[in-house]
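File shown here: coords-v1.csv, holding CSV, C-alpha atoms.
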chain,number,residue,atom,x,y,z
C,1,ALA,CA,-10.9,-79.3,59.6
C,2,GLY,CA,-10.9,-76.4,57.1
C,3,MET,CA,-13.2,-78.3,54.6
C,4,GLU,CA,-15.4,-79.5,57.5
C,5,GLY,CA,-15.8,-75.9,58.6
C,6,VAL,CA,-16.8,-74.8,55.1
C,7,TRP,CA,-19.2,-77.8,54.8
C,8,SER,CA,-21.0,-77.0,58.0
C,9,LEU,CA,-21.2,-73.3,56.9
C,10,GLU,CA,-22.8,-74.5,53.6
C,11,GLN,CA,-25.2,-76.7,55.4
C,12,ASN,CA,-26.1,-73.9,57.8
C,13,ARG,CA,-26.8,-71.5,55.0
C,14,ASP,CA,-29.0,-74.1,53.3
C,15,LEU,CA,-30.9,-74.7,56.5
C,16,THR,CA,-31.4,-70.9,56.9
C,17,THR,CA,-32.9,-70.7,53.5
C,18,VAL,CA,-35.2,-73.7,54.3
C,19,ALA,CA,-36.2,-72.0,57.6
C,20,TYR,CA,-36.8,-68.7,55.8
C,21,GLU,CA,-39.1,-70.3,53.2
C,22,ARG,CA,-41.0,-72.3,55.8
C,23,ILE,CA,-41.7,-69.3,58.0
C,24,GLU,CA,-42.6,-67.2,54.9
C,25,GLU,CA,-45.2,-69.9,54.0
C,26,LEU,CA,-46.6,-69.7,57.5
C,27,PHE,CA,-46.8,-65.9,57.1
C,28,VAL,CA,-48.5,-66.0,53.7
C,29,ALA,CA,-51.1,-68.6,54.7
C,30,MET,CA,-51.7,-66.7,58.0
C,31,ARG,CA,-50.8,-69.8,60.1
C,32,ILE,CA,-49.0,-67.2,62.1
C,33,ALA,CA,-51.7,-64.5,62.3
C,34,PRO,CA,-51.1,-60.9,61.5
C,35,GLY,CA,-50.2,-59.0,64.7
C,36,GLU,CA,-49.7,-62.2,66.6
C,37,GLU,CA,-47.0,-62.3,69.3
C,38,ILE,CA,-44.8,-65.4,69.1
C,39,ARG,CA,-41.5,-66.7,70.4
C,40,THR,CA,-38.6,-67.9,68.3
C,41,GLN,CA,-38.9,-71.3,70.1
C,42,ASP,CA,-42.5,-71.5,68.8
C,43,LEU,CA,-41.3,-70.9,65.2
C,44,GLN,CA,-38.6,-73.6,65.7
C,45,ALA,CA,-41.3,-76.1,66.6
C,46,MET,CA,-43.5,-75.0,63.7
C,47,VAL,CA,-40.8,-75.3,61.0
C,48,ASP,CA,-39.1,-78.3,62.7
C,49,LEU,CA,-35.6,-76.8,62.5
C,50,GLY,CA,-32.9,-75.8,65.0
C,51,ARG,CA,-32.1,-72.6,66.8
C,52,THR,CA,-29.4,-71.2,64.5
C,53,PRO,CA,-31.1,-71.4,61.1
C,54,VAL,CA,-34.4,-70.1,62.6
C,55,HIS,CA,-32.6,-67.2,64.3
C,56,GLN,CA,-30.9,-66.3,61.0
C,57,ALA,CA,-34.1,-66.6,59.1
C,58,VAL,CA,-35.9,-64.4,61.6
C,59,ARG,CA,-33.3,-61.7,61.3
C,60,ARG,CA,-33.8,-61.6,57.5
C,61,LEU,CA,-37.6,-61.6,57.9
C,62,ALA,CA,-37.3,-58.7,60.3
C,63,ALA,CA,-35.1,-56.8,57.9
C,64,GLU,CA,-37.7,-57.4,55.2
C,65,THR,CA,-40.5,-56.1,57.6
C,66,LEU,CA,-42.5,-59.4,57.7
C,67,LEU,CA,-41.6,-59.9,61.4
C,68,GLU,CA,-40.8,-57.4,64.2
C,69,ILE,CA,-38.3,-58.4,66.8
C,70,ARG,CA,-39.4,-57.6,70.4
C,71,PRO,CA,-37.4,-57.6,73.6
C,72,ARG,CA,-36.4,-61.0,75.2
C,73,ASN,CA,-36.7,-63.3,72.3
C,74,GLY,CA,-40.3,-62.2,71.4
C,75,LEU,CA,-41.5,-61.6,67.9
C,76,ARG,CA,-44.6,-60.0,66.4
C,77,VAL,CA,-46.0,-60.9,63.0
C,78,THR,CA,-46.3,-57.6,61.1
C,79,PRO,CA,-50.0,-56.7,61.1
C,80,ILE,CA,-52.0,-56.1,57.9
C,81,ASP,CA,-52.0,-52.3,57.2
C,82,LEU,CA,-54.0,-51.7,54.0
C,83,SER,CA,-52.7,-48.2,53.4
C,84,ARG,CA,-49.1,-49.5,53.6
C,85,ASP,CA,-50.0,-52.5,51.5
C,86,LYS,CA,-51.4,-50.2,48.8
C,87,ARG,CA,-48.2,-48.1,48.7
C,88,LEU,CA,-46.1,-51.3,48.5
C,89,ALA,CA,-48.4,-52.5,45.6
C,90,GLU,CA,-47.3,-49.5,43.6
C,91,LEU,CA,-43.7,-50.2,44.3
C,92,ARG,CA,-44.3,-53.9,43.3
C,93,ARG,CA,-46.0,-52.9,40.1
C,94,ASP,CA,-43.0,-50.8,38.9
C,95,LEU,CA,-40.5,-53.4,39.9
C,96,ASN,CA,-42.5,-56.1,38.2
C,97,ARG,CA,-42.5,-54.1,35.0
C,98,PHE,CA,-38.8,-53.7,35.2
C,99,VAL,CA,-38.1,-57.4,35.9
C,100,THR,CA,-40.6,-58.6,33.3
C,101,SER,CA,-38.9,-56.5,30.6
C,102,MET,CA,-35.4,-57.6,31.6
C,103,ALA,CA,-36.5,-61.3,31.6
C,104,ILE,CA,-38.0,-61.0,28.1
C,105,ARG,CA,-34.7,-59.5,26.9
C,106,ASN,CA,-32.4,-61.9,28.7
C,107,MET,CA,-34.3,-65.2,28.7
C,108,THR,CA,-32.1,-68.3,28.0
C,109,ALA,CA,-33.4,-71.5,26.4
C,110,ASN,CA,-33.5,-73.1,29.9
C,111,ASP,CA,-35.6,-70.2,31.3
C,112,ARG,CA,-38.0,-70.5,28.3
C,113,ALA,CA,-38.4,-74.2,28.8
C,114,ALA,CA,-39.1,-73.7,32.5
C,115,LEU,CA,-41.7,-71.0,31.6
C,116,HIS,CA,-43.3,-73.3,29.1
C,117,TYR,CA,-43.5,-76.1,31.7
C,118,LEU,CA,-45.1,-73.7,34.4
C,119,ARG,CA,-47.6,-72.4,31.8
C,120,ARG,CA,-48.7,-75.9,30.9
C,121,LYS,CA,-48.9,-77.0,34.5
C,122,LEU,CA,-51.0,-73.9,35.5
C,123,ALA,CA,-53.3,-74.3,32.4
C,124,ALA,CA,-53.9,-78.0,33.1
C,125,GLU,CA,-54.7,-77.5,36.8
C,126,LEU,CA,-56.6,-74.2,36.3
C,127,LYS,CA,-60.2,-75.4,37.0
C,128,GLU,CA,-59.5,-77.3,40.3
C,129,ILE,CA,-56.2,-75.8,41.5
C,130,SER,CA,-56.1,-75.3,45.3
C,131,LEU,CA,-54.9,-72.0,46.7
C,132,ASP,CA,-51.7,-73.6,48.2
C,133,ALA,CA,-50.9,-75.2,44.8
C,134,PHE,CA,-51.5,-71.9,43.0
C,135,ASN,CA,-49.3,-70.0,45.4
C,136,ALA,CA,-46.5,-72.6,44.8
C,137,ILE,CA,-46.7,-72.0,41.0
C,138,ASP,CA,-46.9,-68.3,41.5
C,139,LYS,CA,-43.8,-68.4,43.6
C,140,SER,CA,-41.9,-70.5,41.1
C,141,PHE,CA,-43.0,-68.1,38.4
C,142,ASP,CA,-41.7,-65.1,40.4
C,143,ARG,CA,-38.4,-66.8,41.0
C,144,LEU,CA,-38.1,-67.8,37.3
C,145,VAL,CA,-38.7,-64.2,36.1
C,146,ILE,CA,-36.1,-62.8,38.5
C,147,ARG,CA,-33.6,-65.4,37.5
C,148,ALA,CA,-34.3,-64.8,33.8
C,149,SER,CA,-33.9,-61.1,34.2
C,150,GLY,CA,-30.2,-61.6,35.2
C,151,GLU,CA,-30.5,-59.1,38.1
C,152,ARG,CA,-30.1,-61.2,41.3
C,153,PHE,CA,-30.4,-58.1,43.5
C,154,LEU,CA,-34.1,-58.0,42.7
C,155,ASP,CA,-34.6,-61.3,44.6
C,156,ARG,CA,-34.0,-59.6,48.0
C,157,VAL,CA,-36.2,-56.7,47.1
C,158,LEU,CA,-39.1,-58.5,45.4
C,159,SER,CA,-39.4,-61.6,47.6
C,160,PRO,CA,-40.8,-59.8,50.7
C,161,LEU,CA,-43.0,-57.6,48.5
C,162,HIS,CA,-44.5,-60.7,46.9
C,163,ALA,CA,-44.9,-62.4,50.3
C,164,ILE,CA,-46.9,-59.4,51.6
C,165,ALA,CA,-49.0,-59.4,48.4
C,166,ARG,CA,-49.6,-63.1,48.7
C,167,ARG,CA,-50.8,-62.8,52.3
C,168,ILE,CA,-53.4,-60.2,51.2
C,169,GLY,CA,-54.4,-62.4,48.3
C,170,PHE,CA,-54.8,-65.3,50.6
C,171,LEU,CA,-57.1,-63.3,52.9
C,172,HIS,CA,-59.1,-62.0,49.9
C,173,ILE,CA,-59.6,-65.4,48.3
C,174,ASN,CA,-60.5,-67.1,51.6
C,175,GLN,CA,-62.9,-64.4,52.8
C,176,LEU,CA,-64.3,-62.8,49.6
C,177,SER,CA,-63.5,-64.0,46.1
C,178,HIS,CA,-63.0,-67.8,46.8
C,179,ARG,CA,-62.8,-70.0,43.6
C,180,GLU,CA,-63.4,-67.1,41.3
C,181,GLY,CA,-60.4,-65.2,42.8
C,182,ILE,CA,-58.0,-68.1,42.2
C,183,VAL,CA,-59.1,-68.7,38.7
C,184,GLY,CA,-59.0,-64.9,37.9
C,185,SER,CA,-55.5,-64.6,39.2
C,186,ALA,CA,-54.3,-67.8,37.4
C,187,GLU,CA,-55.8,-66.5,34.1
C,188,ARG,CA,-53.9,-63.2,34.5
C,189,HIS,CA,-50.7,-65.2,35.2
C,190,LEU,CA,-51.3,-67.2,32.0
C,191,ALA,CA,-51.6,-64.0,30.0
C,192,ILE,CA,-48.3,-62.6,31.3
C,193,MET,CA,-46.6,-66.0,30.5
C,194,ASP,CA,-48.0,-66.0,27.0
C,195,PHE,CA,-46.8,-62.4,26.3
C,196,MET,CA,-43.4,-63.2,27.7
C,197,LEU,CA,-43.1,-66.4,25.5
C,198,ALA,CA,-44.2,-64.3,22.5
C,199,GLY,CA,-41.5,-61.7,23.4
C,200,SER,CA,-44.1,-59.0,23.6
C,201,GLU,CA,-42.6,-56.6,26.3
C,202,GLU,CA,-45.3,-53.9,26.2
C,203,LYS,CA,-48.2,-56.4,26.5
C,204,ALA,CA,-46.5,-58.5,29.2
C,205,CYS,CA,-45.9,-55.3,31.3
C,206,ALA,CA,-49.5,-54.2,30.8
C,207,ALA,CA,-50.7,-57.7,31.9
C,208,SER,CA,-48.4,-57.5,34.9
C,209,ASP,CA,-49.9,-54.1,35.8
C,210,GLU,CA,-53.4,-55.5,35.6
C,211,LEU,CA,-52.4,-58.4,37.9
C,212,VAL,CA,-51.1,-56.0,40.6
C,213,ALA,CA,-54.1,-53.7,40.2
Is it possible to express this structure as structure tokens?
Amino acid sequence: AGMEGVWSLEQNRDLTTVAYERIEELFVAMRIAPGEEIRTQDLQAMVDLGRTPVHQAVRRLAAETLLEIRPRNGLRVTPIDLSRDKRLAELRRDLNRFVTSMAIRNMTANDRAALHYLRRKLAAELKEISLDAFNAIDKSFDRLVIRASGERFLDRVLSPLHAIARRIGFLHINQLSHREGIVGSAERHLAIMDFMLAGSEEKACAASDELVA
């Protein structure tokens, strides 16, 4: 019974992660609209998962300020607030510099191989990449840099900051910059990857600053 308990706990934790990532994707792609009021049951239906993992994911998303918990099971998607997003971009810029530097210093052979793979994939798909496909590579890159930095604490800090930034990016590309916006962002990512692979800390951080700007 003991092992069974541990196993169900493990499974639950995994499902919570799955629920978190699926809801975060809905948030970034604005399939749940900024400022929208929604119930936990609606999210359960949208991500096709049970009550417990969705509730746990919602608590984490609320702690990370992507959702606001309202009375009686209600939720509100955090609205877009440009002055707040600008402040958070400054925080993201400084944390990205730190994590990029640490990743260059601590990268293992596995991290380097994964970075080479992502770079090739992005370069090959550059001209016709969709926004969803680009966001997936962007997210893999963010995760890889955090893992390579060796500082796992940053995962909990940077992941909501990146989600908030991706939502603004999604809006900007869909409404204003379109194809040009995706290609421009992808090219900046390739520059960061190249400087990281070359071990050039200062240039990688400068390229990272440019991306956030």
Hey, can you check how far atom CA of Ala136 of chain C sits from atom CA of Asp111 of chain C?
->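 About the pair atom CA of Ala136 of chain C and atom CA of Asp111 of chain C: they are 17.5 Å apart.
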Considering all atoms listed in the file, give me a table of residues in segment 97-206 of chain C that are at most 8 Å from segment 80-88 of chain C, with the closest atom pair and distance in Å for each, as a tab-separated table.
residue	atom	partner	partner_atom	distance
C:Leu161	CA	C:Leu88	CA	7.0
C:Ile164	CA	C:Asp85	CA	7.6
C:Ala165	CA	C:Asp85	CA	7.6
C:Ile168	CA	C:Ile80	CA	8.0
Which is closest to Phe153 of chain C among C:Val28, C:Val99, C:Ile129, C:Met107, if we use all atoms listed in the file?
->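 Under the stated criterion, the closest residue is C:Val99.
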Which neighbours of Ala186 of chain C fall inside 9 Å, counting all atoms listed in the file, when residues of the same chain fewer than 4 positions from it are skipped, and could you give them as a VMD selection string?
-> chain C and resid 122 to 123 126 134 138 181 to 182 190 to 191
Determine, counting all atoms listed in the file, which protein, DNA and RNA residues have an atom within 8 Å of an atom of Val212 of chain C; residues of the same chain fewer than 6 positions away are not included. Present the result as a ChimeraX atom specification.
-> /C:89,92-93
Closest to Arg166 of chain C among C:Glu201, C:Glu125, C:Glu25, C:Asp14, using only C-alpha atoms?
->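 Using only C-alpha atoms, Arg166 of chain C sits closest to C:Glu25.
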Which of these residues is nearest to Lys139 of chain C, using only C-alpha atoms: C:Glu37, C:Glu24, C:Glu202, C:Pro53?
->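 Looking at the shortest contact to Lys139 of chain C, the residue is C:Glu24.
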6 Å contact set for Pro34 of chain C, all atoms listed in the file, chain neighbours under 6 positions out, as an MDAnalysis selection string = chainID C and resid 77:79
Keeping only C-alpha atoms, write those residues as a PDB file, in the coordinates of the input.
ATOM      1  CA  VAL C  77     -46.000 -60.900  63.000  1.00  0.00           C
ATOM      2  CA  THR C  78     -46.300 -57.600  61.100  1.00  0.00           C
ATOM      3  CA  PRO C  79     -50.000 -56.700  61.100  1.00  0.00           C
TER       4      PRO C  79
END
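Here atom CA of Lys121 of chain C stands at a distance of 21.6 Å from atom CA of Ser200 of chain C.
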Selected residue of minimal separation from Leu115 of chain C among C:Asp142, C:Asp155, C:Glu187, C:Asp42, counting only C-alpha atoms |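 Closest to Leu115 of chain C of all the choices is C:Asp142.
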Would you work out the distance separating atom CA of Pro160 of chain C from atom CA of Thr108 of chain C, expressed in Å to one decimal?
-> 25.8 Å
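Distance check against Leu144 of chain C using only C-alpha atoms: of C:Phe170, C:Arg179, C:Met102, C:Ala62, the minimum falls on C:Met102.
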For Glu210 of chain C, list every protein, DNA or RNA residue within 12 Å, evaluated using all atoms listed in the file, and leave out those in the same chain fewer than 5 positions away; present the list as a PyMOL selection string.
-> chain C and resi 89-90+93-94+96-97+184-185+187-189+191-192+203-205
If you count all atoms listed in the file, the residue of C:Ala113, C:Gly35, C:Pro71, C:Ser159 closest to Tyr20 of chain C turns out to be C:Ser159
Complete the atom set of segment 39-50 of chain C to all heavy atoms and return it as an mmCIF file, in the coordinates of the input.
data_model
loop_
_atom_site.group_PDB
_atom_site.id
_atom_site.type_symbol
_atom_site.label_atom_id
_atom_site.label_comp_id
_atom_site.auth_asym_id
_atom_site.auth_seq_id
_atom_site.Cartn_x
_atom_site.Cartn_y
_atom_site.Cartn_z
ATOM 1 N N ARG C 39 -42.903 -66.548 69.994
ATOM 2 C CA ARG C 39 -41.500 -66.700 70.400
ATOM 3 C C ARG C 39 -40.715 -67.419 69.315
ATOM 4 O O ARG C 39 -41.292 -68.224 68.588
ATOM 5 C CB ARG C 39 -41.361 -67.393 71.729
ATOM 6 C CG ARG C 39 -42.001 -66.647 72.904
ATOM 7 C CD ARG C 39 -42.017 -67.518 74.141
ATOM 8 N NE ARG C 39 -42.457 -68.875 73.814
ATOM 9 C CZ ARG C 39 -42.107 -69.968 74.490
ATOM 10 N NH1 ARG C 39 -41.316 -69.873 75.548
ATOM 11 N NH2 ARG C 39 -42.546 -71.167 74.132
ATOM 12 N N THR C 40 -39.413 -67.155 69.257
ATOM 13 C CA THR C 40 -38.600 -67.900 68.300
ATOM 14 C C THR C 40 -38.678 -69.377 68.495
ATOM 15 O O THR C 40 -38.717 -70.137 67.527
ATOM 16 C CB THR C 40 -37.098 -67.414 68.444
ATOM 17 O OG1 THR C 40 -37.070 -65.985 68.463
ATOM 18 C CG2 THR C 40 -36.244 -67.881 67.287
ATOM 19 N N GLN C 41 -38.771 -69.817 69.760
ATOM 20 C CA GLN C 41 -38.900 -71.300 70.100
ATOM 21 C C GLN C 41 -40.152 -71.840 69.406
ATOM 22 O O GLN C 41 -40.154 -72.976 68.946
ATOM 23 C CB GLN C 41 -38.968 -71.538 71.571
ATOM 24 C CG GLN C 41 -37.751 -71.103 72.339
ATOM 25 C CD GLN C 41 -37.935 -69.712 72.935
ATOM 26 O OE1 GLN C 41 -38.058 -68.749 72.189
ATOM 27 N NE2 GLN C 41 -37.947 -69.613 74.263
ATOM 28 N N ASP C 42 -41.245 -71.049 69.411
ATOM 29 C CA ASP C 42 -42.500 -71.500 68.800
ATOM 30 C C ASP C 42 -42.275 -71.746 67.288
ATOM 31 O O ASP C 42 -42.742 -72.738 66.722
ATOM 32 C CB ASP C 42 -43.636 -70.510 68.977
ATOM 33 C CG ASP C 42 -43.917 -70.221 70.453
ATOM 34 O OD1 ASP C 42 -43.730 -71.146 71.259
ATOM 35 O OD2 ASP C 42 -44.302 -69.089 70.776
ATOM 36 N N LEU C 43 -41.559 -70.811 66.658
ATOM 37 C CA LEU C 43 -41.300 -70.900 65.200
ATOM 38 C C LEU C 43 -40.411 -72.167 64.960
ATOM 39 O O LEU C 43 -40.627 -72.883 63.985
ATOM 40 C CB LEU C 43 -40.579 -69.688 64.686
ATOM 41 C CG LEU C 43 -41.454 -68.466 64.410
ATOM 42 C CD1 LEU C 43 -40.594 -67.332 63.884
ATOM 43 C CD2 LEU C 43 -42.570 -68.785 63.418
ATOM 44 N N GLN C 44 -39.425 -72.394 65.836
ATOM 45 C CA GLN C 44 -38.600 -73.600 65.700
ATOM 46 C C GLN C 44 -39.417 -74.845 65.650
ATOM 47 O O GLN C 44 -39.215 -75.722 64.815
ATOM 48 C CB GLN C 44 -37.584 -73.687 66.858
ATOM 49 C CG GLN C 44 -36.369 -72.787 66.727
ATOM 50 C CD GLN C 44 -35.557 -72.768 68.023
ATOM 51 O OE1 GLN C 44 -35.268 -71.712 68.568
ATOM 52 N NE2 GLN C 44 -35.207 -73.939 68.538
ATOM 53 N N ALA C 45 -40.375 -74.916 66.568
ATOM 54 C CA ALA C 45 -41.300 -76.100 66.600
ATOM 55 C C ALA C 45 -42.117 -76.190 65.368
ATOM 56 O O ALA C 45 -42.308 -77.270 64.813
ATOM 57 C CB ALA C 45 -42.125 -76.034 67.873
ATOM 58 N N MET C 46 -42.615 -75.035 64.906
ATOM 59 C CA MET C 46 -43.500 -75.000 63.700
ATOM 60 C C MET C 46 -42.818 -75.441 62.448
ATOM 61 O O MET C 46 -43.404 -76.088 61.588
ATOM 62 C CB MET C 46 -44.173 -73.660 63.574
ATOM 63 C CG MET C 46 -45.176 -73.340 64.662
ATOM 64 S SD MET C 46 -45.786 -71.637 64.553
ATOM 65 C CE MET C 46 -47.222 -71.870 63.504
ATOM 66 N N VAL C 47 -41.547 -75.031 62.305
ATOM 67 C CA VAL C 47 -40.800 -75.300 61.000
ATOM 68 C C VAL C 47 -39.910 -76.558 61.222
ATOM 69 O O VAL C 47 -39.272 -76.997 60.261
ATOM 70 C CB VAL C 47 -40.039 -74.140 60.476
ATOM 71 C CG1 VAL C 47 -40.968 -72.987 60.165
ATOM 72 C CG2 VAL C 47 -38.930 -73.701 61.421
ATOM 73 N N ASP C 48 -39.831 -77.070 62.453
ATOM 74 C CA ASP C 48 -39.100 -78.300 62.700
ATOM 75 C C ASP C 48 -37.595 -78.144 62.366
ATOM 76 O O ASP C 48 -37.017 -78.999 61.705
ATOM 77 C CB ASP C 48 -39.722 -79.462 61.976
ATOM 78 C CG ASP C 48 -39.211 -80.808 62.497
ATOM 79 O OD1 ASP C 48 -38.777 -80.855 63.654
ATOM 80 O OD2 ASP C 48 -39.236 -81.791 61.722
ATOM 81 N N LEU C 49 -37.007 -77.012 62.786
ATOM 82 C CA LEU C 49 -35.600 -76.800 62.500
ATOM 83 C C LEU C 49 -34.931 -76.209 63.793
ATOM 84 O O LEU C 49 -35.618 -75.706 64.679
ATOM 85 C CB LEU C 49 -35.393 -75.808 61.362
ATOM 86 C CG LEU C 49 -35.660 -76.383 59.963
ATOM 87 C CD1 LEU C 49 -35.790 -75.271 58.954
ATOM 88 C CD2 LEU C 49 -34.559 -77.353 59.533
ATOM 89 N N GLY C 50 -33.606 -76.258 63.819
ATOM 90 C CA GLY C 50 -32.900 -75.800 65.000
ATOM 91 C C GLY C 50 -32.791 -74.341 65.214
ATOM 92 O O GLY C 50 -33.242 -73.556 64.377
#
